[in-house]
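Q: Below is a structure I'd like to ask you about.
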Amino acid sequence: MTIYLDAVWLLNFCLDMMLLMLTQALAKDSTRRLRIVFGAFVASLLVPLSIYYPDSFFTSLIGKLMYSIIIILCSFRIYSIYQMVKLLLLFYFTTFSIGGGLIAIHFLFQNPVGVSSSGVLTFSGGYGDPISWLFVVIGFPIIWYFTKSRMDKHAAEKIRYDQLCPTTIQFQQTSKSTTAYIDSGNQLTDPLTKKPVIICDEYFLKQWFTEEEWKMLETAHDTLDFGGVPDEWENRIQIVPFQGVEGNRTFMLAIKPDKVTIIYEEREIVARKVLIGIQFANLTKDQSYHCLLHPQIIKLGTSVSA
């Protein structure tokens with residue numbers, strides 16, 4: 001049997017890229033598309049590796065698992081082991097889901113398709129008969145779209161009110177963007193000004209501070225000695241009292257931003273009368289979002305565009 005490596009490689013590259021795109025969509029990851037393409041290229045290298053070195057370590061079960069981890073590391077920005085495991089499991093889930101659909105088509109058309117844990121490999125004589133390439137141009141995209149649409153619909157029904165939104169916060173004419181979560185349980189407001197409070201974690205907020213300034217803020221928070229707050233931030237810092245989930249009363253440091261811009265249901269909402277509460281830790285293990293939005297902002301913010 002003659003195998004045209006370039007044709008099989010191209011086929012595998014297309015399939016791997018769509019699998020990684022589906023993994024990114026399900027994980028709601030903001031990695032740039034160029035990195036996904038690079039990850040797909042790395043994944044497609046398994047084709048020549050399997051052909052020229054069929055007995056290599058990466059064709060074994062442990063080798064395939066390690067190669068899958070390499071694919072995830074090349075395709076996404078990894079912040080924690082938890083996030084890597086989550087992405088790896090999603091990658092396997094999409095591979096098996098899509099592979100199941102392709103196997104069904106295989107039994108329908110009796111076309112030889114091999115499914116591996118790191119992607120889908122198709123080997124056929126020459127450049128492949130028309131049915132073989134239908135897996136790329138018709139069959140695979142249809143199954144990919146069906147899987148993604150069903151998962152999106154399930155997520156929409158589950159989340160409903162709570163959802164993720166692109167958010168930009170501006171301090172001292174410097175703007176930074178991240179993903180925020182509209183938390184229906186966040187009802188924190190400043191009792192004096194009645195301003196709603198957005199809670200942001202240290203991973204996001206440290207972009208505006210030096211290491212020394214951030215340590216000064218942590219010390220002020222721990223000791224309640226606010227004389228050590230950095231001078232240039234002194235006029236922006238406020239103390240917001242709140243009651244924790246266990247009923248204990250405590251204080252949160254909050255910063256007054258220039259403005260907050262939220263993209264919600266294709267609308268741009270701008271809010272200025274808000275406070276940014278400082279969370280001296282990460283909000284999530286997988287870095288999927290860095291802010292907890294107050295639902296009142298969505299209701300009362302100024303809609304700039306529709």
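Numbering starts fresh at 1 for the residues of each chain in the structure tokens, the chains themselves are lettered A, B, ... in the order given, and ligands are numbered from 1 as they appear.
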Please extract the residues of range 203-252 of chain A with a backbone DSSP assignment of alpha helix (DSSP H) and present them as a PDB file with C-alpha atoms, in the first residue's frame.

A:
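What ended up in states.pdb:
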```pdb
ATOM      1  CA  TYR A 203      -3.315  38.116  39.232  1.00  0.00           C
ATOM      2  CA  PHE A 204      -5.211  40.788  37.303  1.00  0.00           C
ATOM      3  CA  LEU A 205      -4.735  43.812  39.577  1.00  0.00           C
ATOM      4  CA  GLU A 211       5.996  44.388  43.676  1.00  0.00           C
ATOM      5  CA  GLU A 212       6.822  46.862  46.425  1.00  0.00           C
ATOM      6  CA  GLU A 213       3.498  48.698  46.054  1.00  0.00           C
ATOM      7  CA  TRP A 214       1.568  45.433  46.137  1.00  0.00           C
ATOM      8  CA  LYS A 215       3.337  44.318  49.333  1.00  0.00           C
ATOM      9  CA  MET A 216       2.462  47.678  50.896  1.00  0.00           C
ATOM     10  CA  LEU A 217      -1.213  47.108  50.045  1.00  0.00           C
ATOM     11  CA  GLU A 218      -1.102  43.582  51.508  1.00  0.00           C
ATOM     12  CA  THR A 219       0.456  44.924  54.705  1.00  0.00           C
ATOM     13  CA  ALA A 220      -2.191  47.644  54.955  1.00  0.00           C
ATOM     14  CA  HIS A 221      -4.914  45.024  54.488  1.00  0.00           C
ATOM     15  CA  ASP A 222      -3.467  42.610  57.074  1.00  0.00           C
ATOM     16  CA  THR A 223      -2.653  45.185  59.749  1.00  0.00           C
TER      17      THR A 223
END
```

Q: Residues of range 18-77 of chain A that approach range 270-294 of chain A to 12 Å or less, counting only C-alpha atoms: could you list each one with the shortest pair of atoms and its distance in Å to one decimal, rows by chain and increasing residue number, as a tab-separated table?

A:
```
residue	atom	partner	partner_atom	distance
A:Gln24	CA	A:Ser288	CA	11.5
A:Leu26	CA	A:Ser288	CA	11.5
A:Ala27	CA	A:Ser288	CA	8.1
A:Lys28	CA	A:Ser288	CA	7.3
A:Asp29	CA	A:Ser288	CA	7.0
A:Ser30	CA	A:Ser288	CA	8.8
A:Thr31	CA	A:Ser288	CA	11.2
A:Phe76	CA	A:Asp286	CA	11.9
A:Arg77	CA	A:Gln287	CA	10.1
```

Q: Quote the spacing between CA of Tyr264 in chain A and CA of Ile169 in chain A in Å to one decimal place.

A: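 The value is 14.7 Å.
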
Q: Could you jot down the CA of Leu10 in chain A to CA of Val85 in chain A separation for me, Å, one decimal place?

A: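 Separation between CA of Leu10 in chain A and CA of Val85 in chain A: 27.9 Å.
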
Q: From the options A:Leu65, A:Tyr52, A:Ile71, A:Gln187, which residue's atoms come nearest to Val37 in chain A, counting only C-alpha atoms?

A: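 Answer, going by the shortest atom-to-atom distance: A:Ile71.
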
Q: So, counting only C-alpha atoms, which residue among A:Phe242, A:Phe91, A:Tyr79, A:Phe96 is closest to Met17 in chain A?

A: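 Under the stated criterion, the closest residue is A:Phe91.
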
Q: Which residues, written as a count of residues only, have at least one atom at most 9 Å from Cys165 in chain A, with only C-alpha atoms counted and residues fewer than 3 positions away on the same chain left out?

A: 10

Q: Using CA of Cys200 in chain A and CA of Leu87 in chain A as the two end points, give the distance in Å to one decimal.

A: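 That distance, rounded to one decimal, is 23.8 Å.
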